[in-house]
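Here is the structure we will look at, set down as structure tokens.
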There are 2 protein chains.
Amino acid sequence: MARASARGGGRPTTTTITDVARMADVSPTTVSRVLNGGYPVSAETRTRVEHAVRELSYVRNAHAQALRIASTGLVGVIIHDVADPFFAEIVAGIQEVAATGQRLVVLCNSLRDPGSELRYVEMLRGQRADAVILAGGAIGDPHYQQELPQQARWLRRQGARVIMCGRQMADADAVLPDNRGGAYLLGRYLLGLGHRSIAEISGPPDFSTTDERSAGLDEALREAGVVRDPHLTVSGHFSRDGGYDAARVLLRSRSRFTAIFAANDMMALGALAALREAGLRVPDDVSLVGYDDLPILRDVVPGITTVRVPMREMGRRCMRLAMSATRRAPRRETLPVELVERESVAPAPARQQV
Amino acid sequence: MARASARGGGRPTTTTITDVARMADVSPTTVSRVLNGGYPVSAETRTRVEHAVRELSYVRNAHAQALRIASTGLVGVIIHDVADPFFAEIVAGIQEVAATGQRLVVLCNSLRDPGSELRYVEMLRGQRADAVILAGGAIGDPHYQQELPQQARWLRRQGARVIMCGRQMADADAVLPDNRGGAYLLGRYLLGLGHRSIAEISGPPDFSTTDERSAGLDEALREAGVVRDPHLTVSGHFSRDGGYDAARVLLRSRSRFTAIFAANDMMALGALAALREAGLRVPDDVSLVGYDDLPILRDVVPGITTVRVPMREMGRRCMRLAMSATRRAPRRETLPVELVERESVAPAPARQQV
DNA sequence: CTGAAAGCGCTAACAA
DNA sequence: TTGTTAGCGCTTTCAG
């Protein structure tokens with residue numbers, strides 16, 4: 001039963017292709033050919049090899065294989081945070097497709113730290129990942145902005161594909177939601193209901209997502225000839241607490257507004273809590289909109305009006321790009337977003353309040 | 001500038017330790033020693049090597065390294081579903097600790113399919129993962145029940161640690177929440193408020209989590225001398241929709257109950273929606289409890305009473321076990337759970353309703 | 001303090 | 001149809 005059958009507790013022992021070859025009484029090459037298929041091997045030999053493989057519970061050493069051939073079957077995925085449902089959904093989509101293609105996903109949480117993101121890219125270079133998917137808005141940090149494209153170039157030189165999810169980079173494939181368009185839609189919607197004093201809870205500065213969504217709102221406002229009061233914009237972390245804090249700042253300020261535009265659903269959730277604590281009713285006293293349409297929104301009362309971002313589909317598409325062999329000019333897929341009306345918005349009162 | 005500087009688009013090119021050695025005018029051995037430290041190298045030589053490494057943006061080939069030494073720095077994590085906040089939190093805890101230890105996490109979604117879980121374990125064996133963390137309740141499938149311990153044995157023989165998160169297995173380390181204890185707590189709580197007809201929305205059959213939580217409720221009920229009506233137990237998927245469907249079955253049946261015990265928060269959320277649709281108020285008409293205390297519960301109205309499972313801490317502990325070198329007898333850590341009272345439970349009315 | 005040589009487990013020429 | 005040989009990039013004796 002070869003050396004692999006040594007009892008546990010001792011020195012680590014692995015079964016190699018040679019053990020299998022010995023047991024099946026063939027050469028390692030033959031075993032390799034049976035394992036890989038696509039090469040003529042007599043039925044009888046094949047059976048013996050397959051038997052030995054099963055008997056020894058042999059699994060190919062992926063590292064030895066990677067050293068010899070190009071592909072490793074590993075795809076690196078760098079996100080901001082798995083605990084954020086937005087990213088969890090994207091990862092779920094990625095995994096879905098990865099499973100169909102026998103790929104393994106190396107998941108990295110950058111927690112929005114540029115340095116950590118860069119470090120992960122390096123580690124993934126070391127792993128010779130077939131592809132690296134970078135998800136989430138771009139970070140404005142100057143060193144990062146300069147370094148990341150460099151690293152991406154090294155990745156490509158190694159033969160790895162680089163796919164951006166939710167943001168762009170020169171020479172890289174990208175799957176993008178229409179952030180600007182969705183925010184514009186939301187802006188028009190609020191405007192259409194008579195809102196003129198719209199407070200914005202924006203994302204952290206230096207994030208591309210923040211800028212794009214703000215720009216969409218701006219556009220709608222400008223188009224309607226509404227001038228924005230700078231006091232009506234407060235930025236915060238892309239999280240429930242970020243939204244909560246921002247809403248409190250807004251409430252403490254003397255500014256008047258009839259609606260709040262939150263940069264994403266988690267922030268909207270936080271804002272909703274702050275509003276509730278302040279004794280304000282949504283939408284009776286203030287209207288509120290979010291962005292993303294996280295699955296959990298189905299279970300929040302009142303239902304929050306938002307823009308649906310096809311997170312899971314974005315993940316799927318990224319993984320498909322990651323698995324596609326063809327590497328011509330960078331491909332860019334923009335996914336449409338869609339307004340989801342729920343109960344958090346009411347027509348603006350004749351006289352603005354709050 | 002060595003061969004690595006070839007322009008992109010051509011054949012994949014990687015920089016090897018030999019390229020660095022050539023540039024620094026030393027042997028590969030010396031480069032290796034500088035990279036690994038712990039071996040005397042003259043300051044001057046070290047500087048030259050470090051310069052070359054930076055210049056060429058050299059990153060060690062993890063596969064070549066893995067082939068030579070024991071550790072790969074890879075930890076496999078098999079969960080049911082990242083899109084489920086319960087698992088997302090666990091993974092977040094795992095990542096937190098992994099980052100401090102320079103480990104890379106290979107994340108696998110089994111979607112509760114025993115076959116897929118087994119396939120992932122094999123792939124992780126092939127990757128020579130340093131450790132494999134299996135999270136989520138055990139699946140009752142007979143073939144799986146027999147096969148998994150086998151695979152775990154092979155993993156250990158290879159020198160990999162096996163850590164169970166939320167369930168047990170012979171010879172494996174485990175981090176466990178007190179499922180039974182928490183359910184017992186919840187049962188006592190409902191009983192204390194006068195509830196006698198408690199409907200149970202249990203998890204899918206053949207899952208250890210399902211059994212443990214049901215057992216805890218049973219115990220409280222038995223202790224109070226309450227006999228259970230089998231019609232009052234409906235099982236469903238561990239998901240929002242599973243809870244929704246189960247609640248509808250319950251509502252359609254003629255059974256009477258004053259409270260619902262859902263096997264986890266996602267199911268409770270679904271049940272809440274079904275109740276709302278049926279025009280029933282929580283807790284006025286029916287009381288409802290969940291399990292886990294998912295972060296999102298903060299934002300659901302009415303607040304759902306539940307038991308807090310320290311998901312993130314479980315993840316952290318699993319990763320610590322995965323990184324700990326010592327491998328003596330299996331370690332088992334049981335984490336306490338805690339009742340979280342919110343607004344979804346009211347005293348039972350004198351006469352039972354619904 | 002530095003280097004030459006061997007070998008981890010696998011696959012791809014090449015030969016038979 | 002099968003086997004022999006060489007080598008992927010690294011670390012580790014063993015020599016110097």
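Naming scheme: A, B, ... for chains in displayed order of the structure tokens; residues 1 onward per chain; ligands 1 onward as shown.
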Closest atom pairs, residues of chain D within 9 Å of chain A, only C-alpha atoms (C1' of nucleotides), as a Markdown table:
```
| residue | atom | partner | partner_atom | distance |
| --- | --- | --- | --- | --- |
| D:DT1 | C1' | A:Val41 | CA | 6.2 |
| D:DT2 | C1' | A:Thr30 | CA | 7.2 |
| D:DG3 | C1' | A:Ser27 | CA | 6.4 |
| D:DG7 | C1' | A:Arg68 | CA | 8.5 |
| D:DC8 | C1' | A:Arg68 | CA | 4.8 |
| D:DG9 | C1' | A:Leu67 | CA | 7.4 |
```
Residues as selected, C-alpha atoms (C1' of nucleotides), written as a short mmCIF file (atom, residue, chain, number, x, y, z; two decimals), in the first residue's frame, can you do that?
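Result written to again17.cif:
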```cif
data_model
loop_
_atom_site.label_atom_id
_atom_site.label_comp_id
_atom_site.auth_asym_id
_atom_site.auth_seq_id
_atom_site.Cartn_x
_atom_site.Cartn_y
_atom_site.Cartn_z
"C1'" DT D 1 0.89 1.89 -27.04
"C1'" DT D 2 4.61 2.61 -23.61
"C1'" DG D 3 8.97 4.29 -21.41
"C1'" DG D 7 13.68 20.33 -16.60
"C1'" DC D 8 9.94 23.80 -14.56
"C1'" DG D 9 11.99 27.27 -9.96
#
```
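Residues from chain B that have an atom within 6 Å of chain A, counting only C-alpha atoms, are Gly8, Pro12, Thr13, Thr14, Val59, Arg60, Asn61, Ala62, His63, Val82, Ala83, Ala88, Glu89, Ala92, Val105, Val106, Leu107, Gly126, Gln127, Arg157, Gln158, Gly159 and Val300 of chain B.
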For this session: From a DSSP calculation on the backbone, collect every residue of stretch 88-267 of chain A in strand (DSSP E or B) and output the set as a ChimeraX atom specification.
Result: /A:104-109,131-135,139,161-165,173-177,198-202,207,233-235,259-262
Same residues, C-alpha atoms, output as a tab-separated table (two decimals), in the first residue's frame:
```
chain	number	residue	atom	x	y	z
A	104	LEU	CA	-10.36	27.52	-7.18
A	105	VAL	CA	-10.92	31.01	-5.81
A	106	VAL	CA	-8.38	32.69	-3.58
A	107	LEU	CA	-10.36	35.32	-1.71
A	108	CYS	CA	-8.68	38.42	-0.30
A	109	ASN	CA	-10.29	41.12	1.85
A	131	ALA	CA	-6.45	35.61	-13.31
A	132	VAL	CA	-7.01	38.28	-10.71
A	133	ILE	CA	-10.38	39.94	-10.22
A	134	LEU	CA	-10.31	43.28	-8.46
A	135	ALA	CA	-13.73	44.26	-7.19
A	139	ILE	CA	-9.04	53.98	-4.27
A	161	ARG	CA	-5.68	38.07	-16.89
A	162	VAL	CA	-6.72	41.11	-14.88
A	163	ILE	CA	-10.40	41.84	-14.50
A	164	MET	CA	-11.85	44.88	-12.85
A	165	CYS	CA	-15.27	44.58	-11.27
A	173	ASP	CA	-11.10	43.84	-18.81
A	174	ALA	CA	-13.93	45.36	-16.81
A	175	VAL	CA	-17.49	44.63	-15.77
A	176	LEU	CA	-19.22	47.84	-14.79
A	177	PRO	CA	-22.57	48.79	-13.36
A	198	ILE	CA	-32.00	66.70	-1.47
A	199	ALA	CA	-29.36	65.79	1.07
A	200	GLU	CA	-26.62	63.48	-0.08
A	201	ILE	CA	-24.90	60.92	2.09
A	202	SER	CA	-21.98	60.21	-0.15
A	207	PHE	CA	-13.41	56.34	-4.30
A	233	THR	CA	-23.65	66.69	1.40
A	234	VAL	CA	-22.02	64.60	4.10
A	235	SER	CA	-19.69	61.73	3.35
A	259	ALA	CA	-35.12	63.71	0.88
A	260	ILE	CA	-31.88	61.86	1.45
A	261	PHE	CA	-29.89	60.25	-1.32
A	262	ALA	CA	-27.57	57.63	0.21
```
Problem set entry | A:Asp265 environment, 7 Å, only C-alpha atoms (C1' of nucleotides), sequence neighbours closer than 2 positions dropped, as a list in words |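 Everything that qualifies: Met267, Ala268, Leu269, Gly290, Tyr291, Asp292, Asp293 and Leu294 of chain A.
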For this session: Pull out every residue of chain C that has at least one atom within 10 Å of chain B, counting only C-alpha atoms (C1' of nucleotides), and report them as JSON, numbers by chain.
Result: {"C": [1, 2, 3, 4, 7, 8, 9]}
Any chance you can output those residues with C-alpha atoms (C1' of nucleotides) as a tab-separated table (two decimals), in the first residue's frame?
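Heads up, here's the output in again_15.tsv:
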```
chain	number	residue	atom	x	y	z
C	1	DC	C1'	30.33	34.21	3.69
C	2	DT	C1'	29.39	32.00	-1.05
C	3	DG	C1'	28.46	28.47	-4.66
C	4	DA	C1'	27.58	23.77	-7.12
C	7	DG	C1'	15.88	16.77	-6.18
C	8	DC	C1'	10.73	18.03	-4.75
C	9	DG	C1'	6.43	15.80	-8.43
```
Seminar exercise, completed: What separates atom C1' of C:DA13 and atom CA of A:Thr47 is a distance of 25.8 Å
Problem set entry | Residue set, stretch 28-267 of chain B restricted to helix (DSSP H, G or I), as a VMD selection string | chain B and resid 28 to 36 43 to 56 62 to 68 85 to 100 114 to 126 142 to 157 179 to 192 208 to 223 230 to 232 240 to 252 265 to 267
